[in-house]
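With mmCIF, C-alpha atoms inside, this is data_39.cif:
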```
data_data
loop_
_atom_site.label_atom_id
_atom_site.label_comp_id
_atom_site.auth_asym_id
_atom_site.auth_seq_id
_atom_site.Cartn_x
_atom_site.Cartn_y
_atom_site.Cartn_z
CA MET V 1 176.33 204.27 162.95
CA ASP V 2 179.83 205.00 161.72
CA LEU V 3 181.15 201.68 160.51
CA ASN V 4 184.36 203.35 159.40
CA LYS V 5 185.45 203.47 163.02
CA ALA V 6 185.53 199.70 163.05
CA LEU V 7 187.47 199.34 159.80
CA THR V 8 190.47 197.15 159.47
CA PRO V 9 193.28 199.15 157.88
CA CYS V 10 194.00 198.38 154.26
CA PRO V 11 195.80 195.03 154.03
CA VAL V 12 198.21 196.50 151.50
CA CYS V 13 199.11 199.98 152.78
CA GLY V 14 197.47 200.31 156.19
CA VAL V 15 195.26 203.32 155.42
CA PRO V 16 191.71 203.12 156.87
CA MET V 17 189.43 201.79 154.17
CA ASN V 18 186.15 203.28 152.95
CA HIS V 19 183.00 201.26 153.42
CA HIS V 20 181.17 201.98 150.17
CA ALA V 21 178.57 199.23 149.74
CA ASP V 22 176.38 196.66 151.44
CA LYS V 23 174.99 193.88 149.31
CA MET V 24 173.14 190.66 149.83
CA VAL V 25 175.15 187.80 148.40
CA TYR V 26 174.48 184.10 148.09
CA VAL V 27 176.82 181.76 149.92
CA GLU V 28 177.17 178.02 149.72
CA GLY V 29 178.29 175.51 152.29
CA CYS V 30 176.92 174.56 155.69
CA GLY V 31 173.51 173.69 154.33
CA PRO V 32 171.34 175.19 151.60
CA VAL V 33 172.46 178.23 149.63
CA HIS V 34 171.52 181.28 151.67
CA GLU V 35 171.87 185.02 151.56
CA VAL V 36 174.06 187.10 153.81
CA LEU V 37 174.74 190.79 153.98
CA GLU V 38 178.31 191.52 152.89
CA GLU V 39 180.11 194.83 153.44
CA PHE V 40 182.50 196.12 150.76
CA TYR V 41 185.49 198.38 151.31
CA ARG V 42 188.06 200.15 149.14
CA CYS V 43 191.30 201.81 150.12
CA PRO V 44 191.37 205.54 149.26
CA ASN V 45 195.13 205.36 148.91
CA CYS V 46 195.95 202.30 146.84
CA GLY V 47 192.54 201.05 145.68
CA ALA V 48 192.80 197.65 147.36
CA ALA V 49 189.52 195.90 148.08
CA ALA V 50 188.18 194.10 151.11
CA ALA V 51 184.89 192.55 152.04
CA ARG V 52 183.41 191.10 155.18
CA VAL V 53 180.28 189.56 156.51
CA PRO V 54 179.67 191.23 159.87
CA GLY V 55 180.63 188.84 162.60
CA GLN V 56 182.65 186.59 160.28
CA GLY V 57 185.86 188.57 159.78
CA GLU V 58 187.43 190.15 156.73
CA GLN V 59 188.60 189.03 153.32
CA GLY V 60 191.11 191.27 151.65
CA SER V 61 192.40 191.46 148.14
CA SER V 62 194.61 193.70 146.13
CA MET U 1 191.78 215.49 143.73
CA THR U 2 195.06 214.36 142.22
CA GLU U 3 194.75 210.95 140.61
CA THR U 4 197.91 209.23 139.47
CA ARG U 5 196.69 205.67 139.08
CA PRO U 6 195.45 204.94 135.56
CA LEU U 7 191.96 203.58 135.12
CA SER U 8 191.86 199.88 134.43
CA ILE U 9 189.23 199.02 131.82
CA PRO U 10 189.51 195.49 130.45
CA VAL U 11 187.40 194.29 127.54
CA ILE U 12 185.71 190.91 127.93
CA LEU U 13 185.24 188.93 124.73
CA GLY U 14 182.14 186.98 125.63
CA THR U 15 182.09 184.00 123.29
CA THR U 16 184.23 180.96 122.66
CA ARG U 17 182.75 180.15 119.27
CA LYS U 18 185.25 179.43 116.54
CA GLY U 19 184.94 181.98 113.76
CA ARG U 20 183.32 184.45 116.17
CA ASN U 21 182.66 187.89 114.70
CA SER U 22 182.92 189.44 118.16
CA GLY U 23 186.70 188.99 118.19
CA PRO U 24 187.55 191.85 115.82
CA VAL U 25 184.99 194.03 117.59
CA ALA U 26 186.62 193.43 120.96
CA ARG U 27 190.10 194.05 119.58
CA MET U 28 188.93 197.29 117.99
CA ILE U 29 187.56 198.49 121.32
CA VAL U 30 190.80 197.56 123.08
CA ALA U 31 192.73 199.56 120.48
CA GLU U 32 190.51 202.59 121.03
CA LEU U 33 190.86 202.37 124.81
CA ALA U 34 194.60 202.03 124.50
CA LYS U 35 194.71 205.44 122.83
CA ARG U 36 193.48 207.07 126.03
CA PRO U 37 196.46 208.11 128.18
CA GLU U 38 194.52 207.75 131.42
CA VAL U 39 193.49 204.14 130.72
CA VAL U 40 195.17 200.75 130.81
CA THR U 41 193.30 197.99 129.08
CA GLU U 42 193.56 194.39 127.99
CA LEU U 43 191.49 191.79 126.23
CA ILE U 44 190.02 189.08 128.44
CA ASP U 45 189.05 186.28 126.08
CA ILE U 46 186.79 183.84 127.89
CA ALA U 47 187.95 181.13 125.48
CA THR U 48 191.30 181.18 127.30
CA LEU U 49 189.85 180.82 130.78
CA PRO U 50 189.58 177.49 132.56
CA LEU U 51 185.84 176.91 132.59
CA PRO U 52 184.81 173.73 134.37
CA THR U 53 181.23 172.84 133.64
CA ASP U 54 180.74 170.37 136.46
CA ASP U 55 180.19 173.23 138.91
CA ALA U 56 179.20 176.89 138.83
CA GLY U 57 179.34 180.16 140.72
CA THR U 58 182.26 181.20 142.88
CA ALA U 59 183.33 177.56 143.18
CA ILE U 60 184.84 177.83 139.68
CA LYS U 61 186.43 181.25 140.18
CA ASP U 62 189.67 181.60 138.26
CA PRO U 63 192.22 183.60 140.32
CA GLY U 64 193.59 185.38 137.27
CA PHE U 65 190.19 186.49 136.04
CA SER U 66 189.18 187.49 139.56
CA ALA U 67 192.29 189.62 139.99
CA LYS U 68 191.71 191.44 136.71
CA ILE U 69 188.11 192.22 137.55
CA ASP U 70 189.05 193.29 141.06
CA ARG U 71 191.63 195.74 139.69
CA ALA U 72 189.24 197.05 137.08
CA ASP U 73 187.48 200.37 137.40
CA ALA U 74 185.15 199.53 134.53
CA LEU U 75 184.44 196.75 132.08
CA VAL U 76 183.46 196.55 128.46
CA ILE U 77 181.54 193.38 127.67
CA VAL U 78 181.45 192.40 124.02
CA SER U 79 178.65 189.92 123.60
CA PRO U 80 177.18 188.30 120.53
CA GLU U 81 173.47 187.62 120.50
CA TYR U 82 172.64 183.90 120.40
CA ASN U 83 168.92 183.16 120.26
CA HIS U 84 168.05 186.56 121.79
CA GLY U 85 170.40 185.95 124.70
CA CYS U 86 174.03 185.97 125.68
CA PRO U 87 176.30 182.94 125.30
CA GLY U 88 175.93 180.57 128.19
CA LEU U 89 179.66 180.50 128.83
CA LEU U 90 179.72 184.27 129.23
CA LYS U 91 177.12 184.01 131.97
CA HIS U 92 179.07 181.11 133.48
CA VAL U 93 182.20 183.27 133.68
CA LEU U 94 180.39 186.33 134.99
CA ASP U 95 178.74 184.30 137.73
CA SER U 96 182.12 183.09 139.01
CA CYS U 97 182.81 186.41 140.74
CA VAL U 98 180.87 188.49 143.23
CA GLU U 99 182.65 191.16 145.23
CA GLU U 100 184.92 192.07 142.35
CA TYR U 101 182.11 193.86 140.52
CA ILE U 102 180.66 196.08 143.25
CA HIS U 103 180.24 199.72 142.20
CA LYS U 104 182.13 199.33 138.93
CA ALA U 105 181.03 200.82 135.59
CA VAL U 106 180.11 198.62 132.64
CA GLY U 107 179.38 199.25 129.00
CA ILE U 108 178.06 196.60 126.64
CA ALA U 109 178.77 196.10 122.95
CA GLY U 110 176.27 193.85 121.18
CA VAL U 111 177.22 191.94 118.07
CA SER U 112 174.91 190.12 115.70
CA ALA U 113 174.66 188.96 112.12
CA SER U 114 171.29 190.67 111.84
CA THR U 115 170.40 194.33 111.60
CA PHE U 116 169.56 194.63 115.30
CA GLY U 117 173.20 194.76 116.34
CA GLY U 118 172.74 192.79 119.52
CA ALA U 119 170.07 195.12 120.93
CA ARG U 120 168.27 192.17 122.49
CA VAL U 121 171.33 190.69 124.19
CA ILE U 122 172.14 194.10 125.65
CA GLU U 123 168.64 194.35 127.10
CA ASN U 124 169.09 190.80 128.38
CA LEU U 125 172.31 191.64 130.19
CA LEU U 126 171.28 194.90 131.88
CA PRO U 127 169.47 193.30 134.84
CA VAL U 128 172.36 190.87 135.24
CA MET U 129 174.79 193.78 135.49
CA ARG U 130 172.57 195.44 138.06
CA GLU U 131 172.37 192.33 140.19
CA LEU U 132 176.14 191.90 140.01
CA GLY U 133 176.44 195.37 141.54
CA MET U 134 177.67 197.22 138.49
CA VAL U 135 176.50 200.54 137.08
CA THR U 136 175.55 200.48 133.43
CA ILE U 137 176.15 203.47 131.19
CA PHE U 138 173.42 204.79 128.91
CA TRP U 139 175.45 204.34 125.73
CA ASP U 140 175.55 200.96 123.99
CA LEU U 141 177.51 199.81 121.00
CA ASN U 142 175.63 197.85 118.35
CA PHE U 143 177.46 195.97 115.62
CA SER U 144 175.03 194.78 112.95
CA ASN U 145 175.75 192.51 110.01
CA ALA U 146 178.84 191.52 111.93
CA GLY U 147 180.22 189.23 109.26
CA GLN U 148 180.66 192.15 106.90
CA LEU U 149 182.26 194.67 109.22
CA PHE U 150 185.80 193.38 109.10
CA ASP U 151 188.05 191.97 106.41
CA ALA U 152 189.77 188.59 106.50
CA ASP U 153 192.56 190.06 108.62
CA GLY U 154 190.14 191.48 111.19
CA LYS U 155 190.59 195.06 110.09
CA PRO U 156 187.46 197.24 109.98
CA ARG U 157 186.22 197.80 106.44
CA ASP U 158 184.99 201.22 107.43
CA PRO U 159 187.94 203.16 108.92
CA GLY U 160 186.86 204.53 112.25
CA PRO U 161 186.36 205.01 114.99
CA ARG U 162 182.64 205.57 114.79
CA PRO U 163 181.34 208.59 116.72
CA SER U 164 179.22 206.24 118.81
CA THR U 165 182.35 204.41 119.95
CA ILE U 166 183.93 207.66 121.08
CA ARG U 167 180.81 208.71 123.00
CA PHE U 168 180.50 205.25 124.55
CA LEU U 169 184.08 205.31 125.79
CA ASN U 170 183.85 208.91 126.99
CA GLU U 171 180.84 208.05 129.11
CA LEU U 172 182.38 204.82 130.39
CA ILE U 173 185.56 206.60 131.44
CA TRP U 174 183.59 209.35 133.17
CA MET U 175 181.57 206.75 135.08
CA ALA U 176 184.72 204.81 135.93
CA LYS U 177 186.34 207.89 137.45
CA THR U 178 183.19 208.81 139.33
CA LEU U 179 182.71 205.35 140.80
CA ARG U 180 186.36 204.99 141.74
CA TYR U 181 186.04 208.19 143.72
CA GLY U 182 182.85 206.87 145.29
CA ARG U 183 184.32 203.49 146.19
CA GLU U 184 187.36 205.05 147.81
CA GLN U 185 186.04 208.28 149.28
CA ILE U 186 182.30 208.21 149.90
CA PRO U 187 181.19 206.14 152.89
CA LEU U 188 177.91 204.31 152.72
CA THR U 189 176.79 205.60 156.11
#
```

Give the structure from the file, written as structure tokens.
Amino acid sequence: MDLNKALTPCPVCGVPMNHHADKMVYVEGCGPVHEVLEEFYRCPNCGAAAARVPGQGEQGSS
Amino acid sequence: MTETRPLSIPVILGTTRKGRNSGPVARMIVAELAKRPEVVTELIDIATLPLPTDDAGTAIKDPGFSAKIDRADALVIVSPEYNHGCPGLLKHVLDSCVEEYIHKAVGIAGVSASTFGGARVIENLLPVMRELGMVTIFWDLNFSNAGQLFDADGKPRDPGPRPSTIRFLNELIWMAKTLRYGREQIPLT
């Protein structure tokens, strides 16, 4: 499965980002604390970061 | 690979205690990092961070701290050893971020008034670093008898740097470069 095909371009410079990690993280809200799988991305051009929980959209940062 | 962006390697001073011996240690490490042309560094003193204690985790994330960690390619954590562990406020700060740490390098400098040089707090912190998603280097820095290492002005009594400091920073910088390349160029699948 090539997740890179589904990447959002870098929110800073528009270059396709690299998906470099999956990690279980704890989230709060909507009931008890629970774990979700979060995907982590970095831009190969400017180094900007992004993360997303599959099915919940993306959070970008610089 | 041509790399023009400098490595960002901040140093976290992990105690708020007045009279802390870790302060001169952290400033010394910042000064050594600043000598490296490929590195930009700064001191992050947790005593200057807003640290609410009526909540914990990402709910108390400070945007400034988060941005610095997100930009960082590696971290140096300077931690005193309090009762065989790290200061609670250091853990409180570290726990406020999550995604900022993933696949970053970290080196730990232990500080103690005893002869063990913070060896126990370093061992304490290693699994925490792993769980935060960071990669620890195999060099540590141990500062024993911390009250005697620096004069009243915070200058080291023994002019340095120590060879161990050089090796620690060399390894940290190597790991920082390697992981930056990995984060940006090597896909997970």

Practice item. Would you work out the distance separating atom CA of Ser144 of chain U from atom CA of Thr115 of chain U, expressed in Å to one decimal? Key: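 Between atom CA of Ser144 of chain U and atom CA of Thr115 of chain U the gap works out to 4.8 Å.
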
Exercise for review: In Å, rounded to a single decimal, give me how far atom CA of Leu169 of chain U is from atom CA of Glu38 of chain U.
Suggested key: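 Atom CA of Glu38 of chain U sits 12.1 Å away from atom CA of Leu169 of chain U.
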
Exercise for review: Determine the nearest neighbour of chain V from the options U:Ile12, U:Cys97, U:Ile122, U:Ile166, counting only C-alpha atoms.
Suggested key: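 Of the candidates, the smallest distance to chain V is held by U:Cys97.
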
Exercise for review: For atom CA of Leu37 of chain V and atom CA of Gly64 of chain U, determine how far apart the two atoms are, in Å to one decimal place.
Suggested key: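 Between atom CA of Leu37 of chain V and atom CA of Gly64 of chain U the gap works out to 25.8 Å.
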
Check your understanding: Quick one: which residues end up in the PyMOL selection byres ((chain V) within 6 of (chain U)) for this structure, as a list in words?
Key ->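 Applied to this file, the PyMOL selection byres ((chain V) within 6 of (chain U)) returns Asn18, His19, His20, Ala21, Arg42, Cys43 and Pro44 of chain V.
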
Check your understanding: Counting all atoms listed in the file, what is within 12 Å of Val36 of chain V, bar same-chain residues fewer than 6 positions away, as JSON, numbers by chain?
Key -> {"V": [22, 23, 24, 25, 26, 27, 28, 52, 53, 54, 55, 56]}

Based on the selection just made, write C-alpha atoms of those residues as a PDB file, in the coordinates of the input.
```
ATOM      1  CA  ASP V  22     176.380 196.660 151.440  1.00  0.00           C
ATOM      2  CA  LYS V  23     174.990 193.880 149.310  1.00  0.00           C
ATOM      3  CA  MET V  24     173.140 190.660 149.830  1.00  0.00           C
ATOM      4  CA  VAL V  25     175.150 187.800 148.400  1.00  0.00           C
ATOM      5  CA  TYR V  26     174.480 184.100 148.090  1.00  0.00           C
ATOM      6  CA  VAL V  27     176.820 181.760 149.920  1.00  0.00           C
ATOM      7  CA  GLU V  28     177.170 178.020 149.720  1.00  0.00           C
ATOM      8  CA  ARG V  52     183.410 191.100 155.180  1.00  0.00           C
ATOM      9  CA  VAL V  53     180.280 189.560 156.510  1.00  0.00           C
ATOM     10  CA  PRO V  54     179.670 191.230 159.870  1.00  0.00           C
ATOM     11  CA  GLY V  55     180.630 188.840 162.600  1.00  0.00           C
ATOM     12  CA  GLN V  56     182.650 186.590 160.280  1.00  0.00           C
TER      13      GLN V  56
END
```

Point to revise | Residue members of the PyMOL selection byres ((chain V and resi 15) around 8) in the file shown, as a PyMOL selection string | key: chain V and resi 9-10+13-14+16-17+43-45

**Study point:** Picked residues, the PyMOL selection byres ((chain U and resi 74) around 10), expected as a count of residues only
**Key:** 30
